[in-house]
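data_26.cif follows; it contains mmCIF, C-alpha atoms.
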```cif
data_upload
#
loop_
_atom_site.label_atom_id
_atom_site.label_comp_id
_atom_site.auth_asym_id
_atom_site.auth_seq_id
_atom_site.Cartn_x
_atom_site.Cartn_y
_atom_site.Cartn_z
CA MET A 686 0.00 0.00 0.00
CA ALA A 687 1.40 3.38 -0.99
CA VAL A 688 1.94 5.90 1.77
CA GLY A 689 1.04 9.51 0.98
CA ASN A 690 1.88 11.47 -2.15
CA LEU A 691 5.30 10.62 -3.55
CA GLY A 692 4.98 12.76 -6.64
CA TYR A 693 7.34 15.61 -7.48
CA ASP A 694 7.41 18.87 -9.33
CA ARG A 695 10.33 19.40 -11.69
CA ALA A 696 10.47 23.09 -10.65
CA ASP A 697 11.16 21.98 -7.07
CA LEU A 698 14.07 19.83 -8.23
CA ASP A 699 15.55 22.70 -10.23
CA ASP A 700 15.27 24.89 -7.12
CA ILE A 701 18.14 23.12 -5.32
CA PRO A 702 21.29 25.28 -5.54
CA GLY A 703 24.33 23.90 -7.37
CA THR A 704 22.56 20.67 -8.20
CA THR A 705 21.84 19.24 -11.66
CA ILE A 706 19.32 16.44 -11.90
CA PHE A 707 20.60 13.64 -14.17
CA THR A 708 17.63 12.55 -16.29
CA VAL A 709 16.75 10.16 -19.10
CA ALA A 710 17.29 13.08 -21.51
CA SER A 711 20.73 13.96 -20.04
CA SER A 712 21.70 10.31 -20.31
CA ARG A 713 20.86 10.42 -24.02
CA ARG A 714 22.76 13.71 -24.57
CA ALA A 715 25.86 12.33 -22.84
CA TYR A 716 25.69 8.81 -24.33
CA HIS A 717 28.92 9.10 -26.36
CA LEU A 718 30.71 11.07 -23.62
CA HIS A 719 29.79 8.30 -21.20
CA ARG A 720 30.88 5.61 -23.65
CA PHE A 721 34.29 7.31 -23.70
CA CYS A 722 34.38 7.41 -19.88
CA MET A 723 33.55 3.72 -19.59
CA SER A 724 36.26 2.88 -22.15
CA LEU A 725 38.77 3.95 -19.47
CA MET A 726 37.80 0.89 -17.42
CA LYS A 727 40.05 -1.14 -19.78
CA ALA A 728 43.69 -0.95 -18.66
CA ASP A 729 45.05 -0.68 -22.22
CA ASN A 730 42.88 2.31 -23.02
CA ARG A 731 44.13 4.50 -20.17
CA PRO A 732 47.67 5.07 -21.46
CA ALA A 733 46.29 5.39 -25.01
CA PHE A 734 44.05 8.26 -23.88
CA LYS A 735 46.82 9.93 -21.88
CA ALA A 736 49.27 9.67 -24.81
CA ASP A 737 46.98 11.38 -27.32
CA GLU A 738 43.84 12.83 -25.75
CA ALA A 739 42.48 14.53 -28.86
CA GLY A 740 43.14 11.50 -31.04
CA TYR A 741 41.55 9.17 -28.52
CA LEU A 742 38.47 11.39 -28.08
CA ALA A 743 38.03 11.56 -31.87
CA ARG A 744 37.04 7.88 -31.78
CA PHE A 745 33.84 8.77 -29.94
CA GLY A 746 30.82 10.60 -31.35
CA MET A 747 30.92 13.33 -28.71
CA THR A 748 30.21 17.01 -29.38
CA ASP A 749 33.20 19.36 -29.70
CA GLU A 750 32.04 21.07 -26.51
CA GLN A 751 32.12 17.77 -24.63
CA LYS A 752 35.57 16.97 -26.01
CA SER A 753 37.06 20.31 -24.99
CA ALA A 754 35.46 20.08 -21.53
CA VAL A 755 37.08 16.64 -21.09
CA GLN A 756 40.47 18.06 -22.06
CA ALA A 757 39.98 20.98 -19.65
CA ARG A 758 38.79 18.53 -16.92
CA ASP A 759 35.89 20.94 -16.42
CA TYR A 760 33.54 18.66 -14.51
CA ASN A 761 30.85 21.29 -13.96
CA ARG A 762 30.74 21.92 -17.71
CA LEU A 763 30.58 18.18 -18.43
CA ILE A 764 27.62 17.87 -16.06
CA ALA A 765 25.94 20.83 -17.81
CA LEU A 766 26.47 18.91 -21.07
CA GLY A 767 24.56 15.91 -19.74
CA GLY A 768 27.29 14.07 -17.87
CA ASN A 769 26.96 12.22 -14.58
CA PHE A 770 29.78 12.01 -12.07
CA TYR A 771 29.75 8.21 -11.82
CA PHE A 772 30.89 8.14 -15.45
CA LEU A 773 33.11 11.23 -15.23
CA ILE A 774 35.09 9.96 -12.25
CA LYS A 775 36.72 7.41 -14.56
CA ILE A 776 38.59 10.36 -16.12
CA ALA A 777 39.82 11.46 -12.66
CA SER A 778 40.87 7.89 -11.84
CA CYS A 779 42.80 7.75 -15.12
CA ASP A 780 44.52 11.00 -14.06
CA GLY A 781 45.44 9.34 -10.76
CA ILE A 782 43.57 11.84 -8.60
CA SER A 783 41.13 11.04 -5.81
CA ALA A 784 37.37 11.46 -5.93
CA ALA A 785 37.62 14.22 -3.31
CA GLN A 786 40.18 16.09 -5.43
CA ALA A 787 38.02 15.82 -8.54
CA VAL A 788 34.88 16.85 -6.65
CA SER A 789 36.63 19.84 -5.05
CA THR A 790 37.29 21.34 -8.51
CA MET A 791 33.53 21.84 -8.94
CA THR A 792 33.28 24.02 -5.84
CA ASP A 793 34.53 27.52 -5.03
CA LEU A 794 37.19 26.00 -2.74
CA SER A 795 40.75 24.85 -3.31
CA THR A 796 41.35 21.14 -2.79
CA GLU A 797 43.07 21.92 0.55
CA ASP A 798 40.16 24.04 1.79
CA TYR A 799 37.63 21.47 0.55
CA THR A 800 39.47 18.67 2.40
CA ALA A 801 39.55 20.81 5.55
CA MET A 802 35.81 21.50 5.22
CA MET A 803 35.09 17.76 4.98
CA LEU A 804 37.25 17.01 8.02
CA ALA A 805 35.33 19.68 9.93
CA GLY A 806 32.02 17.93 9.18
CA GLY A 807 31.27 18.87 5.57
CA ARG A 808 29.23 21.62 3.94
CA SER A 809 26.24 22.63 6.04
CA PRO A 810 22.85 22.42 4.31
CA GLU A 811 21.89 25.77 5.87
CA GLY A 812 21.13 28.24 3.08
CA VAL A 813 21.73 25.76 0.22
CA ARG A 814 18.44 23.88 0.27
CA SER A 815 16.33 26.17 -1.91
CA ILE A 816 17.10 29.02 -4.31
CA SER A 817 13.63 30.56 -4.14
CA GLY A 818 13.13 30.01 -0.42
CA ARG A 819 16.67 31.06 0.50
CA PHE A 820 16.91 28.53 3.33
CA MET B 586 12.71 -22.99 5.31
CA ALA B 587 14.93 -20.06 4.48
CA ARG B 588 14.58 -17.16 6.92
CA ILE B 589 15.78 -13.56 7.11
CA THR B 590 17.61 -13.26 10.41
CA ALA B 591 19.17 -9.80 10.23
CA GLY B 592 19.61 -6.61 8.26
CA VAL B 593 22.71 -4.49 7.83
CA ALA B 594 22.98 -1.00 6.39
CA THR B 595 26.27 0.60 5.48
CA SER B 596 27.78 3.25 3.24
CA HIS B 597 29.88 1.91 0.37
CA VAL B 598 32.38 4.72 -0.30
CA PRO B 599 35.07 3.53 -2.76
CA ALA B 600 37.89 5.24 -0.80
CA ILE B 601 37.16 2.84 2.10
CA GLY B 602 38.05 -0.10 -0.14
CA ALA B 603 41.17 1.70 -1.36
CA ALA B 604 42.21 2.40 2.26
CA MET B 605 42.00 -1.34 3.01
CA ASP B 606 43.75 -2.38 -0.21
CA LEU B 607 46.59 0.13 0.42
CA MET B 608 46.96 -0.84 4.13
CA LYS B 609 45.93 2.61 5.38
CA THR B 610 43.34 1.49 7.92
CA GLN B 611 45.50 2.42 10.92
CA GLU B 612 46.19 5.96 9.69
CA PRO B 613 44.57 8.70 11.78
CA TYR B 614 42.19 9.64 8.95
CA TRP B 615 40.82 6.10 8.64
CA SER B 616 41.16 4.36 12.01
CA PRO B 617 38.03 5.91 13.63
CA LEU B 618 35.96 4.62 10.71
CA PHE B 619 37.28 1.06 10.84
CA ASP B 620 36.95 1.02 14.66
CA GLY B 621 33.22 1.64 14.11
CA TYR B 622 32.89 -1.69 12.28
CA GLU B 623 34.79 -3.87 14.80
CA LYS B 624 31.66 -4.82 16.73
CA SER B 625 29.82 -5.75 13.52
CA ARG B 626 32.69 -7.93 12.29
CA ALA B 627 32.67 -9.82 15.61
CA TRP B 628 28.86 -10.12 15.41
CA GLN B 629 29.08 -11.53 11.87
CA LYS B 630 31.42 -14.31 13.07
CA ASP B 631 28.54 -15.60 15.20
CA ALA B 632 25.73 -14.66 12.83
CA LYS B 633 27.25 -16.78 10.00
CA PRO B 634 24.85 -15.98 7.16
CA ASP B 635 24.54 -18.58 4.40
CA VAL B 636 23.38 -15.92 1.97
CA VAL B 637 23.46 -12.11 1.92
CA ILE B 638 20.98 -10.32 -0.33
CA LEU B 639 23.07 -7.23 -1.00
CA VAL B 640 21.19 -4.17 -2.26
CA PHE B 641 23.38 -1.65 -4.05
CA ASN B 642 23.63 0.55 -7.12
CA ASP B 643 25.95 0.07 -10.04
CA HIS B 644 28.18 3.14 -10.55
CA ALA B 645 28.43 3.15 -14.35
CA THR B 646 30.39 -0.10 -14.16
CA SER B 647 28.18 -2.85 -15.58
CA LEU B 648 24.95 -0.89 -16.06
CA MET B 649 23.77 2.70 -16.66
CA LEU B 650 25.15 3.20 -20.21
CA GLU B 651 23.33 0.74 -22.48
CA VAL B 652 20.74 -0.51 -20.00
CA VAL B 653 19.28 1.25 -16.96
CA PRO B 654 17.14 -1.16 -14.95
CA THR B 655 15.10 0.30 -12.11
CA PHE B 656 15.33 -2.98 -10.19
CA ALA B 657 17.62 -5.89 -11.13
CA ILE B 658 18.66 -9.17 -9.49
CA GLY B 659 21.78 -11.23 -10.13
CA CYS B 660 21.22 -14.93 -10.81
CA ALA B 661 24.84 -15.80 -11.72
CA GLU B 662 27.11 -18.36 -10.08
CA HIS B 663 29.76 -15.75 -9.39
CA TYR B 664 30.62 -12.06 -9.80
CA ARG B 665 34.10 -10.70 -10.50
CA PRO B 666 35.35 -7.46 -8.86
CA ALA B 667 35.33 -4.83 -11.61
CA ASP B 668 38.11 -2.61 -12.92
CA GLU B 669 36.47 0.76 -12.25
CA GLY B 670 39.30 2.75 -13.79
CA TRP B 671 42.26 2.04 -11.51
CA GLY B 672 42.47 -1.76 -11.68
CA ALA B 673 40.21 -4.32 -9.98
CA ARG B 674 40.26 -4.52 -6.18
CA PRO B 675 42.36 -7.45 -4.91
CA VAL B 676 39.39 -9.08 -3.19
CA PRO B 677 37.82 -12.51 -3.71
CA VAL B 678 35.36 -13.31 -6.47
CA VAL B 679 31.83 -13.16 -5.03
CA GLN B 680 29.97 -16.47 -5.06
CA GLY B 681 26.28 -16.21 -5.93
CA HIS B 682 23.34 -18.42 -5.02
CA PRO B 683 21.64 -19.07 -8.37
CA GLU B 684 18.87 -21.31 -6.97
CA LEU B 685 17.66 -18.88 -4.30
CA ALA B 686 18.18 -15.94 -6.68
CA ALA B 687 16.00 -17.60 -9.34
CA HIS B 688 13.33 -18.36 -6.74
CA ILE B 689 13.32 -14.74 -5.53
CA ALA B 690 13.32 -13.37 -9.10
CA GLU B 691 10.32 -15.50 -10.10
CA ASN B 692 8.39 -14.67 -6.96
CA LEU B 693 9.10 -10.94 -7.25
CA ILE B 694 7.81 -10.84 -10.83
CA ILE B 695 4.68 -12.78 -9.86
CA ASP B 696 4.38 -10.25 -6.99
CA GLU B 697 4.35 -7.49 -9.70
CA PHE B 698 7.93 -6.25 -9.32
CA ASP B 699 9.25 -6.19 -12.89
CA MET B 700 12.81 -7.33 -12.22
CA THR B 701 15.62 -7.33 -14.75
CA ILE B 702 17.59 -10.60 -14.52
CA LEU B 703 21.41 -10.33 -14.68
CA ASN B 704 23.19 -13.56 -15.63
CA ASP B 705 26.66 -12.03 -15.94
CA MET B 706 27.98 -8.94 -14.20
CA ASP B 707 31.18 -7.52 -12.73
CA VAL B 708 30.55 -5.83 -9.39
CA ASP B 709 31.96 -2.50 -8.24
CA HIS B 710 32.62 -0.86 -4.87
CA GLY B 711 28.87 -0.79 -4.21
CA MET B 712 29.15 -4.49 -3.38
CA THR B 713 32.80 -5.10 -2.53
CA VAL B 714 33.21 -2.28 0.02
CA PRO B 715 30.31 -3.47 2.24
CA LEU B 716 31.70 -7.04 2.09
CA SER B 717 35.16 -5.75 3.07
CA LEU B 718 33.74 -3.63 5.90
CA LEU B 719 31.75 -6.50 7.41
CA PHE B 720 34.18 -9.38 6.80
CA GLY B 721 37.62 -7.74 6.65
CA GLU B 722 40.56 -9.09 4.62
CA VAL B 723 39.70 -12.69 3.73
CA ASP B 724 40.80 -15.30 1.19
CA GLN B 725 37.19 -16.00 0.35
CA TRP B 726 33.97 -14.31 1.39
CA PRO B 727 32.30 -16.34 4.15
CA THR B 728 28.86 -16.14 2.53
CA ARG B 729 27.10 -16.44 -0.80
CA VAL B 730 25.65 -13.22 -2.16
CA ILE B 731 22.62 -12.31 -4.23
CA PRO B 732 22.96 -8.84 -5.76
CA VAL B 733 19.85 -6.67 -5.94
CA LEU B 734 20.45 -3.46 -7.87
CA VAL B 735 18.45 -0.24 -7.73
CA ASN B 736 18.78 2.72 -10.08
CA VAL B 737 19.44 5.68 -7.79
CA THR B 738 21.29 7.88 -10.30
CA GLN B 739 19.12 8.53 -13.32
CA PHE B 740 15.99 10.45 -12.36
CA PRO B 741 13.51 9.21 -11.40
CA PRO B 742 14.66 6.39 -9.18
CA PRO B 743 11.91 4.26 -7.64
CA SER B 744 10.32 5.88 -4.59
CA GLY B 745 11.55 5.01 -1.12
CA ASP B 746 8.15 3.48 -0.45
CA ARG B 747 8.45 1.29 -3.54
CA CYS B 748 11.86 0.14 -2.26
CA TRP B 749 10.28 -0.70 1.10
CA ARG B 750 7.61 -2.79 -0.64
CA LEU B 751 10.29 -4.55 -2.73
CA GLY B 752 11.92 -5.46 0.59
CA GLU B 753 8.63 -6.87 1.89
CA ALA B 754 8.27 -8.93 -1.29
CA ILE B 755 11.85 -10.22 -0.93
CA GLY B 756 10.94 -11.26 2.62
CA ARG B 757 7.93 -13.25 1.35
CA ALA B 758 10.02 -14.88 -1.40
CA VAL B 759 12.77 -15.95 1.00
CA ALA B 760 10.22 -17.40 3.45
CA SER B 761 8.82 -19.68 0.73
CA PHE B 762 12.22 -21.19 -0.24
CA PRO B 763 12.26 -24.79 1.04
CA GLU B 764 15.95 -25.09 1.94
CA ASP B 765 17.01 -24.17 5.48
CA LEU B 766 19.10 -21.03 4.94
CA ASN B 767 20.19 -18.18 7.20
CA VAL B 768 19.70 -15.06 5.07
CA GLN B 769 20.66 -11.45 5.74
CA VAL B 770 19.57 -8.41 3.75
CA TRP B 771 21.98 -5.50 3.41
CA GLY B 772 21.05 -2.01 2.26
CA THR B 773 24.04 0.02 1.12
CA GLY B 774 25.00 3.53 0.00
CA GLY B 775 24.50 6.95 1.60
CA MET B 776 24.46 8.68 3.93
CA SER B 777 24.37 12.37 2.98
CA HIS B 778 26.75 13.32 0.20
CA GLN B 779 26.84 15.31 -3.02
CA LEU B 780 29.45 14.70 -5.72
CA GLN B 781 28.60 17.50 -8.13
CA GLY B 782 28.47 21.26 -8.53
CA LYS B 783 28.97 24.10 -6.11
CA ARG B 784 27.05 22.33 -3.33
CA ALA B 785 29.47 19.36 -3.41
CA GLY B 786 30.62 18.25 0.03
CA LEU B 787 27.16 18.62 1.56
CA ILE B 788 26.77 16.70 4.82
CA ASN B 789 23.53 16.81 6.83
CA LYS B 790 24.28 15.23 10.19
CA PRO B 791 20.86 15.91 11.78
CA PHE B 792 19.08 14.33 8.77
CA ASP B 793 21.39 11.29 8.80
CA GLN B 794 21.11 10.72 12.54
CA ASP B 795 17.33 11.06 12.44
CA PHE B 796 17.23 8.50 9.59
CA LEU B 797 19.37 6.05 11.61
CA GLU B 798 17.21 6.55 14.70
CA LYS B 799 13.96 6.00 12.80
CA LEU B 800 15.14 2.72 11.27
CA THR B 801 14.53 1.33 14.74
CA SER B 802 12.06 3.70 16.41
CA ASP B 803 9.70 4.75 13.60
CA PRO B 804 10.58 3.05 10.29
CA GLN B 805 7.14 3.62 8.75
CA SER B 806 7.79 7.38 8.74
CA LEU B 807 10.79 6.89 6.42
CA ARG B 808 8.47 5.59 3.69
CA LYS B 809 7.04 9.09 3.29
CA LEU B 810 10.32 10.77 2.32
CA THR B 811 10.18 12.05 -1.27
CA HIS B 812 12.94 12.33 -3.85
CA TYR B 813 12.87 16.07 -3.20
CA ASP B 814 13.48 15.48 0.52
CA TYR B 815 16.48 13.27 -0.18
CA LEU B 816 18.01 15.51 -2.87
CA ARG B 817 17.56 18.71 -0.88
CA GLU B 818 18.49 17.41 2.58
CA ALA B 819 20.95 14.56 1.87
CA GLY B 820 22.47 15.67 -1.46
CA SER B 821 22.19 14.36 -5.00
CA GLU B 822 23.99 11.12 -4.07
CA GLY B 823 22.35 10.88 -0.63
CA ILE B 824 19.26 9.53 -2.38
CA GLU B 825 21.08 6.16 -2.23
CA LEU B 826 19.43 5.88 1.20
CA ILE B 827 16.29 4.53 -0.49
CA MET B 828 18.22 1.25 -0.76
CA TRP B 829 18.33 1.02 3.04
CA LEU B 830 14.52 0.84 2.94
CA VAL B 831 14.66 -2.40 0.90
CA MET B 832 16.54 -3.90 3.84
CA ARG B 833 14.19 -2.44 6.44
CA GLY B 834 11.07 -3.54 4.53
CA ALA B 835 12.43 -7.10 4.34
CA LEU B 836 13.04 -7.35 8.10
CA GLY B 837 9.44 -7.10 9.32
CA ALA B 838 7.96 -4.89 12.01
CA ASP B 839 10.04 -5.74 15.06
CA VAL B 840 13.81 -5.59 15.25
CA ASN B 841 16.56 -5.53 17.85
CA GLU B 842 19.27 -2.99 17.22
CA VAL B 843 22.72 -4.57 17.66
CA HIS B 844 24.98 -1.70 16.62
CA ARG B 845 24.90 1.82 15.19
CA PHE B 846 27.75 3.98 13.91
CA TYR B 847 28.08 7.37 12.24
CA HIS B 848 31.25 9.08 11.04
CA VAL B 849 32.21 12.09 8.90
CA PRO B 850 34.03 12.04 6.52
CA ALA B 851 35.12 9.24 4.25
CA SER B 852 36.31 11.16 1.21
CA ASN B 853 33.18 13.22 0.28
CA THR B 854 30.68 11.25 2.30
CA ALA B 855 29.00 10.74 5.69
CA VAL B 856 29.33 7.10 6.71
CA GLY B 857 26.38 5.45 8.44
CA HIS B 858 26.03 1.88 9.63
CA ILE B 859 23.43 -0.09 11.54
CA VAL B 860 22.90 -3.76 12.38
CA LEU B 861 19.38 -4.97 13.10
CA GLU B 862 18.30 -8.48 14.08
CA ALA B 863 14.84 -9.70 13.13
CA ALA B 864 12.85 -10.06 16.35
#
```

Let's see the structure in the file written out as structure tokens.
Amino acid sequence: MAVGNLGYDRADLDDIPGTTIFTVASSRRAYHLHRFCMSLMKADNRPAFKADEAGYLARFGMTDEQKSAVQARDYNRLIALGGNFYFLIKIASCDGISAAQAVSTMTDLSTEDYTAMMLAGGRSPEGVRSISGRF
Amino acid sequence: MARITAGVATSHVPAIGAAMDLMKTQEPYWSPLFDGYEKSRAWQKDAKPDVVILVFNDHATSLMLEVVPTFAIGCAEHYRPADEGWGARPVPVVQGHPELAAHIAENLIIDEFDMTILNDMDVDHGMTVPLSLLFGEVDQWPTRVIPVLVNVTQFPPPSGDRCWRLGEAIGRAVASFPEDLNVQVWGTGGMSHQLQGKRAGLINKPFDQDFLEKLTSDPQSLRKLTHYDYLREAGSEGIELIMWLVMRGALGADVNEVHRFYHVPASNTAVGHIVLEAA
């Protein structure tokens, strides 16, 4: 038996600051980007990508914007272009950096300050729950 | 008859597995976390499950690109640890239980849960980190495992209430399996964390601790949490907590709490853990 109303309003989801909802449509937009990311799960492909990034990326049917965002390691841009972090982290792993390092580049903080924030208990939800409600 | 004797919930942060594989568990950053699992490891030595039904999400390892099942169940004989981009973890191959898995899959579909059946799959940190946390460094895992996978990444995931009801249906399916088996159900993932955008690093300790408390004191209330509640309060990856409700739904109304642990941080994430015995 269902309990209460579990529906949602898309406007509410878009009202969460600094948060992009990964949808069926984003998955479609990022399909070739994600296929590239998953290719990095094969050991032979990692040095091939690192040796010639542009040449390696040319094998995948990604948009030019997605390719340049990969080369810039601009994770916020890649998410705006449909990407999801569980795919994108394979690029960071290939670079030999930690998940926390990769995640910190999406924030306004340096990696050192981000790490210190996490050790101090993380980012408080106060003020970053709702854009319209400002709480 | 097979019976569900206990439920376990735990975070499955990949850095925890890396800390174990790289022998860093005694470092100051990690030792408080591993200390929090000592009691559960000792408890598991007595609990001796024959089978663990392990609920987790695939992190763009074996699923999510070509196929995105809302609910899936593994019916394979074994599952290899995946290479997620830095080489496979040096942990044992996971042995499945194809007979019980097939029985559960059939019963769930008859019970109107439209499961995807997985006959071959590599498993990522979502499965191997909980096994490492609860069993430590071992030559072989001391239990068979049935993977149950939930899409928690591509919107919309199933509702928390739907996950609860899947857990109830798993409970019914296990109870009708004729072999005498000691079965545990594990819900994994969470607690609060966000791995994207300017809000990355979000940790909501009051939300997490209330969630842990209510698993014992008022579990029905957790069924009412919406996707919006999880995303806003626990972060875009904190919605993994719906998988804990599969475990809680499977356990039945009355439970005895054996152990509870909460720790911040592991990498980007708040780590939560609870052990519940079916009363």

note - atom CA of Asn704 of chain B and atom CA of Phe641 of chain B are separated by 16.6 Å

For the point (20.6, -4.5, -10.0) in file coordinates, what residues are within 7 Å, counting all atoms listed in the file? Give the answer as a ChimeraX atom specification? /B:642,654,656-659,732-735

If you count all atoms listed in the file, the residue of B:Met776, B:Ala851, B:Leu826, B:Ala687 closest to chain A turns out to be B:Ala851

> Just so the selection is clear, what residues does the PyMOL selection byres ((chain A and resi 719) around 9) cover here, as a count of residues only?
Replying inline: 16

Would you kindly translate the PyMOL selection byres ((chain A and resi 791) around 8) into the concrete residues it picks from this file, as a list in words? Asp759, Tyr760, Asn761, Ala787, Val788, Ser789, Thr790, Thr792 and Asp793 of chain A; Gln781, Gly782, Lys783 and Ala785 of chain B

* Name the residues that the PyMOL selection byres ((chain A and resi 739) around 12) picks from the file above, as a PyMOL selection string, using the file's chain letters and numbers. => chain A and resi 733-738+740-745+747+749+751-757

### Message
Using all atoms listed in the file and a cut-off of 8 Å, which residues of chain B sit close to chain A? Please list them as a ChimeraX atom specification.
### Response
/B:644-646,650,668-672,738-741,744,746-747,780-789,808-813,816-818,821,849-850,852-853

Please produce a file of the residues just selected, as a PDB file, keeping the file's coordinate frame, where the atoms kept are C-alpha atoms.
```
ATOM      1  CA  HIS B 644      28.180   3.140 -10.550  1.00  0.00           C
ATOM      2  CA  ALA B 645      28.430   3.150 -14.350  1.00  0.00           C
ATOM      3  CA  THR B 646      30.390  -0.100 -14.160  1.00  0.00           C
ATOM      4  CA  LEU B 650      25.150   3.200 -20.210  1.00  0.00           C
ATOM      5  CA  ASP B 668      38.110  -2.610 -12.920  1.00  0.00           C
ATOM      6  CA  GLU B 669      36.470   0.760 -12.250  1.00  0.00           C
ATOM      7  CA  GLY B 670      39.300   2.750 -13.790  1.00  0.00           C
ATOM      8  CA  TRP B 671      42.260   2.040 -11.510  1.00  0.00           C
ATOM      9  CA  GLY B 672      42.470  -1.760 -11.680  1.00  0.00           C
ATOM     10  CA  THR B 738      21.290   7.880 -10.300  1.00  0.00           C
ATOM     11  CA  GLN B 739      19.120   8.530 -13.320  1.00  0.00           C
ATOM     12  CA  PHE B 740      15.990  10.450 -12.360  1.00  0.00           C
ATOM     13  CA  PRO B 741      13.510   9.210 -11.400  1.00  0.00           C
ATOM     14  CA  SER B 744      10.320   5.880  -4.590  1.00  0.00           C
ATOM     15  CA  ASP B 746       8.150   3.480  -0.450  1.00  0.00           C
ATOM     16  CA  ARG B 747       8.450   1.290  -3.540  1.00  0.00           C
ATOM     17  CA  LEU B 780      29.450  14.700  -5.720  1.00  0.00           C
ATOM     18  CA  GLN B 781      28.600  17.500  -8.130  1.00  0.00           C
ATOM     19  CA  GLY B 782      28.470  21.260  -8.530  1.00  0.00           C
ATOM     20  CA  LYS B 783      28.970  24.100  -6.110  1.00  0.00           C
ATOM     21  CA  ARG B 784      27.050  22.330  -3.330  1.00  0.00           C
ATOM     22  CA  ALA B 785      29.470  19.360  -3.410  1.00  0.00           C
ATOM     23  CA  GLY B 786      30.620  18.250   0.030  1.00  0.00           C
ATOM     24  CA  LEU B 787      27.160  18.620   1.560  1.00  0.00           C
ATOM     25  CA  ILE B 788      26.770  16.700   4.820  1.00  0.00           C
ATOM     26  CA  ASN B 789      23.530  16.810   6.830  1.00  0.00           C
ATOM     27  CA  ARG B 808       8.470   5.590   3.690  1.00  0.00           C
ATOM     28  CA  LYS B 809       7.040   9.090   3.290  1.00  0.00           C
ATOM     29  CA  LEU B 810      10.320  10.770   2.320  1.00  0.00           C
ATOM     30  CA  THR B 811      10.180  12.050  -1.270  1.00  0.00           C
ATOM     31  CA  HIS B 812      12.940  12.330  -3.850  1.00  0.00           C
ATOM     32  CA  TYR B 813      12.870  16.070  -3.200  1.00  0.00           C
ATOM     33  CA  LEU B 816      18.010  15.510  -2.870  1.00  0.00           C
ATOM     34  CA  ARG B 817      17.560  18.710  -0.880  1.00  0.00           C
ATOM     35  CA  GLU B 818      18.490  17.410   2.580  1.00  0.00           C
ATOM     36  CA  SER B 821      22.190  14.360  -5.000  1.00  0.00           C
ATOM     37  CA  VAL B 849      32.210  12.090   8.900  1.00  0.00           C
ATOM     38  CA  PRO B 850      34.030  12.040   6.520  1.00  0.00           C
ATOM     39  CA  SER B 852      36.310  11.160   1.210  1.00  0.00           C
ATOM     40  CA  ASN B 853      33.180  13.220   0.280  1.00  0.00           C
TER      41      ASN B 853
END
```
